[in-house]
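Asker: Encoded as structure tokens, here's the structure I'll be asking about.
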Amino acid sequence: MSTLVLELRQGDMMVVNGAPIRFRNRTRIELAAKARFLFGKQIMPPEAATTPARRIYFALQTAYIGTDEERAGGLQAARRLIGDFQQATTSALAREMLRQALSFAESDDCYQALKLARRVMRHEEEVLGIAPLAATRPPGQAEGRTTLTLRAGQGVAAEGRDQAAARRVGPRSGIRWTP
């Protein structure tokens with residue numbers, strides 16, 4: 001098994017199992033057990049869910065990292081929003097990505113569903129000519145990179161992360177596999 005090590009900068013936000021955490025200084029944490037988490041730019045605040053694809057992402061995010069009470073409602077909202085989007089779009093690719101995203105979410109793999117929803121958001125931004133979402137950092141906080149490191153031999157990998165995935169994403173992503 002492996003452990004996920006996250007290096008986070010001052011002001012970075014992380015949600016672990018429904019609990020929001022803001023880092024007051026640069027820190028390195030180790031997740032040694034399965035956890036539902038998002039951090040940094042992956043977290044969408046409710047006020048940013050201003051387009052159909054962004055509302056889908058927010059609903060899937062709630063189904064993934066919401067409290068136990070919020071998760072079922074998030075999945076139900078995602079089903080409804082995805083159905084509406086699929087009926088309205090002319091893009092077969094967007095419909096297929098959302099079909100796969102819903103399938104992942106219903107099989108409790110919301111992290112993969114969120115990855116697909118982000119691709120649909122980028123497509124929507126291009127089609128509608130709108131600006132991408134800004135990072136969710138406090139005012140005055142410099143843009144930085146968060147680094148993830150996976151290490152073998154300790155604990156269980158955090159949900160949605162494994163060494164093969166870490167190798168695929170490459171050096172620009174901030175994810176590294178350390179044996």
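Following the order of the structure tokens, chains are lettered A, B, ..., residues in each are numbered from 1, and ligands are numbered from 1.
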List as a list in words the protein and nucleic acid residues near Tyr111 (chain A), meaning an atom at most 9 Å away when only C-alpha atoms are counted, but skip any in the same chain fewer than 3 places from it.
Answerer: Arg36, Phe37, Leu38, Leu60, Gln61, Tyr64, Phe104, Ala105, Asp108, Leu114, Lys115, Leu116, Glu159 and Gly160 of chain A
Asker: With a distance cut-off of 10 Å and only C-alpha atoms, select the neighbouring residues of Pro52 (chain A), excluding the residue or stretch itself and same-chain residues fewer than 4 positions from it, and output the selection as a list in words.
Answerer: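 Counting only the stated atoms, we get Ile56, Tyr57, Phe58, Leu81, Ile82, Asp84, Phe85, Val120, Met121 and Glu124 of chain A.
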Asker: Enter the distance from CA of Gln100 (chain A) to CA of Thr3 (chain A), in Å, rounded to one decimal.
Answerer: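 Between CA of Gln100 (chain A) and CA of Thr3 (chain A) the gap is 27.9 Å.
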Asker: Quick one: pull the distance between CA of His123 (chain A) and CA of Ser107 (chain A), Å, one decimal.
Answerer: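 Here the two named atoms are 24.7 Å from each other.
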Asker: What does the distance between CA of Leu75 (chain A) and CA of Ala63 (chain A) come to in Å, to one decimal place?
Answerer: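 These atoms are spaced 5.1 Å apart.
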Asker: List the spatial neighbours of Met14 (chain A) as a ChimeraX atom specification - criterion: any atom at most 7 Å away, only C-alpha atoms, same-chain residues fewer than 3 positions off excluded.
Answerer: /A:20-22,38-40
Asker: What does the file look like for those residues with N, CA and C atoms, as an mmCIF file, in the first residue's frame?
Answerer:
```cif
data_model
loop_
_atom_site.group_PDB
_atom_site.id
_atom_site.type_symbol
_atom_site.label_atom_id
_atom_site.label_comp_id
_atom_site.auth_asym_id
_atom_site.auth_seq_id
_atom_site.Cartn_x
_atom_site.Cartn_y
_atom_site.Cartn_z
ATOM 1 N N PRO A 20 -13.644 21.299 6.168
ATOM 2 C CA PRO A 20 -12.730 22.241 5.509
ATOM 3 C C PRO A 20 -11.536 22.576 6.413
ATOM 4 N N ILE A 21 -10.363 22.656 5.800
ATOM 5 C CA ILE A 21 -9.133 22.965 6.522
ATOM 6 C C ILE A 21 -8.396 24.040 5.734
ATOM 7 N N ARG A 22 -8.014 25.131 6.386
ATOM 8 C CA ARG A 22 -7.187 26.157 5.748
ATOM 9 C C ARG A 22 -5.843 26.135 6.452
ATOM 10 N N LEU A 38 -10.347 16.980 -1.437
ATOM 11 C CA LEU A 38 -10.004 17.870 -2.538
ATOM 12 C C LEU A 38 -9.184 18.993 -1.926
ATOM 13 N N PHE A 39 -8.391 19.659 -2.748
ATOM 14 C CA PHE A 39 -7.606 20.779 -2.239
ATOM 15 C C PHE A 39 -7.369 21.791 -3.348
ATOM 16 N N GLY A 40 -7.025 22.998 -2.930
ATOM 17 C CA GLY A 40 -6.643 24.045 -3.871
ATOM 18 C C GLY A 40 -7.707 24.328 -4.913
#
```
Asker: Neighbouring residues of Glu30 (chain A) were defined as those with any atom within 8 Å, considering only C-alpha atoms; residues of the same chain fewer than 4 positions away were excluded. Please report them as a PyMOL selection string.
Answerer: chain A and resi 3-6
Asker: Find the residue from A:Arg79, A:Glu70, A:Arg119, A:Gly129 that sits nearest to Ala94 (chain A); use only C-alpha atoms when measuring.
Answerer: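 Answer, going by the shortest atom-to-atom distance: A:Arg119.
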Asker: With only C-alpha atoms as the atoms that count, which of A:Ala92, A:Gln42, A:Gln76, A:Thr67 lies nearest to Arg54 (chain A)?
Answerer: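 Among the listed residues, A:Gln42 lies closest to Arg54 (chain A).
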